[in-house]
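Just upload.cif here, mmCIF, C-alpha atoms and all ligand atoms:
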```cif
data_structure
loop_
_atom_site.label_atom_id
_atom_site.label_comp_id
_atom_site.auth_asym_id
_atom_site.auth_seq_id
_atom_site.Cartn_x
_atom_site.Cartn_y
_atom_site.Cartn_z
CA MET A 1 -7.28 16.23 22.49
CA ALA A 2 -7.26 15.31 26.18
CA ASN A 3 -10.69 13.65 25.74
CA GLN A 4 -9.37 11.64 22.79
CA ILE A 5 -6.40 10.45 24.85
CA GLU A 6 -8.65 9.58 27.80
CA ALA A 7 -11.04 7.66 25.56
CA LEU A 8 -8.16 5.76 23.89
CA ASN A 9 -6.69 4.81 27.26
CA ALA A 10 -10.09 3.72 28.56
CA GLN A 11 -10.58 1.41 25.58
CA PHE A 12 -7.06 0.25 24.64
CA ALA A 13 -4.48 0.93 27.37
CA LEU A 14 -2.63 -2.15 28.67
CA ALA A 15 -1.61 -1.89 32.33
CA ASP A 16 2.17 -1.18 32.55
CA GLN A 17 2.70 -1.91 28.81
CA LEU A 18 0.82 0.49 26.56
CA ARG A 19 -0.56 3.95 27.12
CA PHE A 20 -1.73 6.87 24.97
CA GLN A 21 -0.35 10.32 25.60
CA THR A 22 -0.20 13.74 24.00
CA GLY A 23 2.92 13.76 21.83
CA GLU A 24 4.77 16.43 19.86
CA ASN A 25 2.60 19.28 18.67
CA GLY A 26 -0.37 17.72 20.48
CA LEU A 27 -0.50 14.63 18.26
CA PRO A 28 -1.67 11.39 19.93
CA ARG A 29 1.24 9.08 20.69
CA VAL A 30 1.34 5.47 21.87
CA GLN A 31 4.03 4.69 24.43
CA ILE A 32 4.90 0.99 24.63
CA THR A 33 7.15 -0.26 27.43
CA ASN A 34 7.63 -3.93 28.25
CA ARG A 35 10.41 -6.06 29.72
CA LEU A 36 11.80 -6.64 26.22
CA ALA A 37 11.81 -3.19 24.60
CA THR A 38 10.29 0.27 24.35
CA ALA A 39 8.65 1.90 21.34
CA GLU A 40 6.63 4.95 20.32
CA VAL A 41 3.99 5.18 17.61
CA TYR A 42 2.04 8.22 16.37
CA LEU A 43 -1.51 7.75 15.07
CA HIS A 44 -0.51 10.39 12.53
CA GLY A 45 0.68 8.30 9.62
CA GLY A 46 0.67 5.09 11.69
CA HIS A 47 4.23 6.19 12.29
CA ILE A 48 6.68 4.27 14.49
CA THR A 49 9.07 6.89 15.84
CA ALA A 50 11.12 4.81 18.27
CA PHE A 51 12.17 1.20 18.90
CA GLN A 52 14.77 0.25 21.51
CA PRO A 53 15.31 -3.25 22.87
CA GLN A 54 16.06 -3.20 26.61
CA GLY A 55 19.81 -2.68 27.12
CA SER A 56 20.45 -1.52 23.56
CA GLU A 57 20.86 1.81 21.78
CA PRO A 58 17.88 3.10 19.73
CA VAL A 59 17.49 1.10 16.51
CA LEU A 60 15.58 3.74 14.55
CA TRP A 61 16.84 7.24 13.66
CA MET A 62 14.60 10.23 14.23
CA SER A 63 15.36 13.70 12.93
CA PRO A 64 15.58 16.23 15.75
CA LEU A 65 13.98 18.66 13.28
CA ALA A 66 11.01 16.42 12.47
CA GLN A 67 7.84 18.47 12.04
CA PHE A 68 4.75 16.93 13.62
CA GLN A 69 2.26 18.68 11.33
CA HIS A 70 -1.06 17.23 10.10
CA ASP A 71 -0.12 17.69 6.46
CA LYS A 72 3.49 16.50 6.71
CA ALA A 73 5.24 13.18 7.10
CA ILE A 74 7.31 12.74 10.26
CA ARG A 75 11.02 12.58 9.35
CA GLY A 76 12.64 9.39 10.62
CA GLY A 77 11.36 6.21 12.25
CA VAL A 78 9.27 4.09 9.85
CA PRO A 79 7.10 6.13 7.46
CA ILE A 80 4.31 4.03 5.88
CA ILE A 81 4.53 4.55 2.14
CA TRP A 82 1.28 3.61 0.33
CA PRO A 83 -0.40 3.29 -2.22
CA TRP A 84 2.52 4.39 -4.40
CA PHE A 85 6.28 4.61 -3.91
CA GLY A 86 8.06 7.80 -5.03
CA PRO A 87 6.31 10.41 -7.17
CA HIS A 88 2.81 9.60 -8.48
CA ALA A 89 3.22 7.92 -11.87
CA ILE A 90 1.00 10.44 -13.69
CA ASP A 91 0.23 13.48 -11.55
CA LYS A 92 3.35 14.99 -9.99
CA HIS A 93 1.12 17.28 -7.89
CA LYS A 94 -0.01 14.30 -5.85
CA PRO A 95 2.00 13.69 -2.66
CA GLN A 96 5.34 11.90 -2.99
CA HIS A 97 5.09 8.38 -1.50
CA GLY A 98 1.29 8.38 -1.38
CA PHE A 99 -0.98 9.54 1.44
CA ALA A 100 -0.90 6.84 4.18
CA ARG A 101 1.91 8.61 6.07
CA THR A 102 -0.04 11.85 6.44
CA MET A 103 -3.45 10.43 7.35
CA GLU A 104 -4.77 9.88 10.90
CA TRP A 105 -4.94 6.15 11.61
CA ARG A 106 -7.31 4.67 14.20
CA VAL A 107 -6.62 2.04 16.82
CA SER A 108 -8.30 -1.31 16.19
CA ALA A 109 -6.71 -3.47 18.92
CA THR A 110 -3.98 -3.75 21.53
CA LYS A 111 -2.67 -7.03 22.96
CA ALA A 112 -0.21 -8.18 25.62
CA LEU A 113 1.29 -11.33 24.06
CA PRO A 114 2.38 -14.40 26.06
CA ASP A 115 6.07 -13.96 25.12
CA GLY A 116 6.13 -10.56 26.81
CA SER A 117 5.81 -8.52 23.62
CA THR A 118 3.11 -5.93 23.00
CA GLN A 119 0.98 -5.63 19.87
CA LEU A 120 -0.71 -2.50 18.50
CA GLN A 121 -3.08 -2.75 15.55
CA LEU A 122 -4.00 0.34 13.55
CA GLN A 123 -6.33 0.78 10.60
CA LEU A 124 -6.88 3.23 7.75
CA ASN A 125 -9.86 3.16 5.40
CA ASP A 126 -10.62 5.18 2.29
CA THR A 127 -12.21 8.62 2.73
CA PRO A 128 -13.30 11.40 0.36
CA VAL A 129 -9.77 12.84 0.83
CA THR A 130 -8.14 9.60 -0.32
CA HIS A 131 -10.67 9.14 -3.15
CA ALA A 132 -9.64 12.53 -4.51
CA LEU A 133 -6.05 11.23 -4.66
CA TRP A 134 -6.72 7.57 -5.49
CA PRO A 135 -10.22 6.45 -6.55
CA HIS A 136 -10.35 3.11 -4.76
CA ALA A 137 -11.95 1.60 -1.65
CA PHE A 138 -9.44 -0.03 0.65
CA GLU A 139 -8.70 -1.15 4.17
CA LEU A 140 -5.12 -0.80 5.35
CA SER A 141 -4.17 -2.66 8.55
CA LEU A 142 -0.91 -2.11 10.39
CA SER A 143 0.16 -4.60 13.02
CA ILE A 144 3.13 -3.53 15.17
CA THR A 145 4.61 -6.06 17.60
CA VAL A 146 7.23 -4.76 20.03
CA GLY A 147 9.51 -7.32 21.66
CA THR A 148 13.16 -8.24 21.28
CA GLU A 149 12.34 -7.72 17.60
CA LEU A 150 10.11 -5.14 15.94
CA ASN A 151 7.59 -6.87 13.68
CA ILE A 152 5.69 -4.62 11.26
CA GLU A 153 2.96 -6.00 8.99
CA LEU A 154 1.11 -3.76 6.52
CA THR A 155 -1.91 -5.51 4.98
CA SER A 156 -3.78 -3.92 2.08
CA ARG A 157 -7.28 -5.15 1.28
CA ASN A 158 -9.31 -4.21 -1.77
CA THR A 159 -12.80 -3.47 -0.39
CA GLY A 160 -14.05 -2.06 -3.70
CA GLU A 161 -15.59 -3.42 -6.88
CA LYS A 162 -12.58 -3.19 -9.20
CA THR A 163 -8.99 -4.36 -9.19
CA PHE A 164 -6.45 -1.81 -8.05
CA THR A 165 -2.66 -1.65 -8.24
CA ALA A 166 -0.81 -0.54 -5.13
CA GLY A 167 2.86 -0.04 -4.30
CA GLY A 168 4.43 1.00 -1.05
CA ALA A 169 7.29 0.62 1.42
CA LEU A 170 8.17 0.43 5.08
CA HIS A 171 10.59 3.36 4.77
CA SER A 172 12.74 2.57 7.80
CA TYR A 173 15.41 5.02 9.02
CA PHE A 174 18.07 3.05 10.92
CA ALA A 175 20.36 4.65 13.52
CA VAL A 176 24.08 4.07 12.92
CA GLY A 177 27.18 5.36 14.74
CA ASP A 178 28.85 6.71 11.60
CA VAL A 179 27.41 5.86 8.19
CA ARG A 180 30.93 5.90 6.74
CA LYS A 181 31.80 2.96 8.98
CA ILE A 182 28.96 0.61 8.11
CA HIS A 183 28.39 -1.91 5.38
CA ILE A 184 25.16 -3.58 4.29
CA ASP A 185 24.99 -7.28 3.45
CA GLY A 186 22.22 -9.23 1.77
CA LEU A 187 22.17 -7.40 -1.56
CA LEU A 188 25.23 -8.96 -3.20
CA GLY A 189 24.60 -9.84 -6.82
CA ARG A 190 21.24 -8.06 -6.86
CA HIS A 191 20.45 -5.67 -9.68
CA TYR A 192 19.37 -2.16 -8.78
CA ILE A 193 18.02 1.00 -10.35
CA ASP A 194 20.42 3.83 -9.59
CA GLN A 195 18.07 6.79 -9.11
CA LEU A 196 21.07 9.12 -9.09
CA ASP A 197 22.46 7.97 -12.44
CA GLY A 198 19.61 8.22 -14.92
CA ASN A 199 17.86 5.18 -13.41
CA ARG A 200 20.53 2.99 -14.99
CA ILE A 201 20.38 -0.67 -13.98
CA LYS A 202 23.53 -1.89 -12.24
CA GLN A 203 24.53 -4.94 -10.27
CA GLN A 204 25.81 -4.99 -6.70
CA SER A 205 29.28 -6.52 -6.81
CA ASP A 206 30.21 -6.15 -3.13
CA ALA A 207 28.66 -5.24 0.20
CA VAL A 208 26.96 -1.81 0.11
CA TYR A 209 29.09 1.03 1.48
CA ILE A 210 27.82 4.59 1.94
CA ARG A 211 30.47 7.11 0.93
CA GLU A 212 28.23 9.55 -0.99
CA GLU A 213 24.52 10.08 -1.69
CA VAL A 214 22.89 6.71 -2.37
CA ASP A 215 19.38 6.20 -3.75
CA ARG A 216 18.90 2.71 -5.15
CA ILE A 217 16.00 0.36 -5.74
CA TYR A 218 17.26 -3.22 -5.59
CA PHE A 219 15.00 -5.77 -7.20
CA ASP A 220 14.88 -9.55 -7.27
CA THR A 221 15.63 -11.31 -10.48
CA GLU A 222 15.26 -15.02 -11.14
CA ASP A 223 18.90 -15.69 -10.31
CA THR A 224 19.31 -13.60 -7.20
CA CYS A 225 18.47 -15.06 -3.85
CA THR A 226 15.37 -13.72 -2.23
CA GLU A 227 15.86 -15.01 1.26
CA GLY A 228 14.84 -11.47 2.21
CA ILE A 229 17.41 -10.75 4.89
CA CYS A 230 19.55 -7.61 4.93
CA ALA A 231 21.99 -6.63 7.65
CA ILE A 232 23.71 -3.40 8.63
CA PHE A 233 27.14 -3.99 10.17
CA ASP A 234 27.96 -0.98 12.34
CA ALA A 235 31.67 -0.81 13.22
CA GLN A 236 31.14 2.26 15.39
CA LEU A 237 28.32 0.94 17.58
CA LEU A 238 29.72 -2.59 17.30
CA ARG A 239 26.33 -4.04 16.37
CA GLN A 240 24.43 -5.62 13.53
CA ILE A 241 20.84 -4.67 12.67
CA TYR A 242 19.03 -7.31 10.62
CA ILE A 243 15.92 -6.79 8.55
CA LYS A 244 13.89 -9.87 7.52
CA ARG A 245 11.60 -8.85 4.66
CA ASN A 246 8.45 -10.53 3.38
CA GLY A 247 5.92 -9.73 0.69
CA SER A 248 8.57 -7.64 -1.03
CA HIS A 249 10.80 -8.17 -4.05
CA SER A 250 12.29 -4.68 -4.01
CA THR A 251 14.51 -3.02 -1.42
CA VAL A 252 15.44 0.65 -1.33
CA VAL A 253 18.71 1.94 0.13
CA TRP A 254 18.93 5.71 0.68
CA ASN A 255 21.27 8.16 2.28
CA PRO A 256 20.84 11.84 1.31
CA TRP A 257 24.48 12.74 2.10
CA LYS A 258 25.52 16.38 2.54
CA ASP A 259 23.70 18.37 -0.14
CA LYS A 260 20.29 16.69 0.13
CA ALA A 261 20.51 16.78 3.94
CA ARG A 262 21.14 20.50 3.80
CA ALA A 263 18.23 20.98 1.41
CA MET A 264 15.68 19.36 3.75
CA THR A 265 14.28 21.69 6.43
CA ASP A 266 13.35 18.77 8.72
CA PHE A 267 16.76 17.10 8.46
CA PRO A 268 19.91 18.36 10.26
CA ASP A 269 22.82 19.19 7.93
CA ASP A 270 25.02 16.47 9.48
CA GLY A 271 22.16 14.04 10.15
CA TYR A 272 23.17 11.90 7.17
CA GLN A 273 26.15 10.64 9.19
CA GLN A 274 23.93 8.84 11.73
CA MET A 275 21.32 7.18 9.53
CA VAL A 276 20.66 4.92 6.60
CA CYS A 277 17.31 3.96 5.10
CA ILE A 278 16.74 0.35 4.11
CA GLU A 279 13.18 0.06 2.89
CA THR A 280 11.15 -3.12 2.51
CA ALA A 281 9.23 -2.11 -0.59
CA ASN A 282 6.77 -2.91 -3.34
CA ALA A 283 8.30 -0.43 -5.78
CA VAL A 284 8.51 -0.08 -9.58
CA ASP A 285 7.55 -3.46 -11.12
CA ASP A 286 7.00 -4.97 -7.68
CA VAL A 287 3.62 -3.24 -7.26
CA ARG A 288 0.72 -5.56 -6.39
CA HIS A 289 -2.58 -5.98 -8.25
CA LEU A 290 -5.46 -6.77 -5.90
CA ALA A 291 -8.84 -7.92 -7.15
CA PRO A 292 -11.91 -7.09 -5.02
CA GLY A 293 -11.55 -8.82 -1.66
CA GLU A 294 -7.88 -9.72 -2.18
CA THR A 295 -5.17 -8.75 0.31
CA HIS A 296 -1.39 -8.30 0.26
CA THR A 297 0.89 -8.12 3.30
CA LEU A 298 4.21 -6.27 3.22
CA SER A 299 6.16 -7.05 6.38
CA GLN A 300 9.53 -6.80 8.05
CA ILE A 301 11.12 -8.00 11.27
CA ILE A 302 13.88 -5.78 12.66
CA GLY A 303 16.29 -7.04 15.32
CA LEU A 304 19.81 -6.87 16.71
O1 LIG B 401 14.15 6.56 0.14
C1 LIG B 401 14.00 6.75 -1.21
C2 LIG B 401 13.34 8.10 -1.50
O2 LIG B 401 12.41 7.95 -2.54
C3 LIG B 401 14.42 9.12 -1.84
O3 LIG B 401 14.43 9.39 -3.24
C4 LIG B 401 14.04 10.34 -1.00
O4 LIG B 401 13.13 11.15 -1.72
C5 LIG B 401 13.43 9.67 0.20
O5 LIG B 401 12.62 8.63 -0.35
C6 LIG B 401 12.69 10.60 1.15
O6 LIG B 401 11.49 11.02 0.57
P1 LIG B 401 10.56 12.04 1.43
O7 LIG B 401 9.36 12.29 0.58
O8 LIG B 401 10.23 11.34 2.72
O9 LIG B 401 11.41 13.26 1.68
#
```

As structure tokens, what does this structure read like?
Amino acid sequence: MANQIEALNAQFALADQLRFQTGENGLPRVQITNRLATAEVYLHGGHITAFQPQGSEPVLWMSPLAQFQHDKAIRGGVPIIWPWFGPHAIDKHKPQHGFARTMEWRVSATKALPDGSTQLQLQLNDTPVTHALWPHAFELSLSITVGTELNIELTSRNTGEKTFTAGGALHSYFAVGDVRKIHIDGLLGRHYIDQLDGNRIKQQSDAVYIREEVDRIYFDTEDTCTEGICAIFDAQLLRQIYIKRNGSHSTVVWNPWKDKARAMTDFPDDGYQQMVCIETANAVDDVRHLAPGETHTLSQIIGL
């Protein structure tokens, strides 16, 4: 492990901005610190585990019980969901939310940008392990730019000989002071699938409040605006987190509330009070069909 870290620093470290270190449970971690913000990224899952603009509170929520195991997703931060969202459509034995978040990604580039932000580019290609789960050749590129905003771009490329269909999400866990004192704007009038009520389709008639378990997939329809901006108004921390979404016509809002929180071993019983997931997704009918050589980029910009 130490050799891997040394080799990564020799090739990709950026003086006083980006370094590789041994993270939790010995997993390689990227530490980014610049004059605008700090961030942490694990090569395991291409997983952003921290983002904090200078002078602000952390923007992302991380579970203190997160397990940094090779075969598990890290709980919190921004899990990369790909090439399917939720359970596999046919084989329920295949991993929930696909395999990208439990694979080891490799570093393809690091850049110090002129505006003072720092960019990390990671890549994941198909392997015999992924072929056993999903019989397609692909190249997945993840570009993470850390500045006053956090810009995440996930680009899927079909490098095979036949068209494939891929879904996914940037499954972001946002840190809030008290989830009962927030509301979410940007989804008014949108229809959603209520995953807790027989997948019934409903329409959002007000801002989104979290007063119980919530698990909804909002989708664009012809008559609902798709300007792609959501905002969390946090009355406790007196701040607003905005999420500008692109390449996505479906947005997931999730809070496990008490019972589900208690049922998850990597999630503290009261953790639901300090987080909410708003996920920039390609879910349900919003999956993308890529012919050989075609690409799709799912992206979001997070800021305060
Ligand atoms: O965020 C939507 C969702 O699909 C929920 O149904 C819940 O399962 C959540 O993802 C977390 O999934 P995970 O596999 O990370 O425990």

Q | Selection: 12 Å around region 68-73 of chain A, only C-alpha atoms, excl. self and same-chain fewer than 2 positions, as a ChimeraX atom specification | A | /A:22-29,42-49,62-66,75-81,95-105,171,265-266

Q) Taking all atoms listed in the file into account, which residues are within 8 Å of ligand LIG 401 (chain B), as a PyMOL selection string? A) chain A and resi 73+75+79+85-86+96-97+171+195+215-216+252-256+264+277-279

**Q.** Selection: 12 Å around Ile152 (chain A), all atoms listed in the file, excl. self and same-chain fewer than 4 positions, as a PyMOL selection string
**A.** chain A and resi 41+46-48+51+78-80+119-122+141-147+169-172+243-247+280+297-303

**Q.** Point-to-point distance from CA of Ala283 (chain A) to CA of His131 (chain A), Å rounded to tenths
**A.** 21.4 Å

**Q.** Local residues around (23.0, -5.7, 2.7), at most 6 Å away, using only C-alpha atoms, as a list of chain:residue names
**A.**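 Nearby residues: A:Ile184, A:Asp185, A:Gly186, A:Leu187, A:Cys230, A:Ala231.
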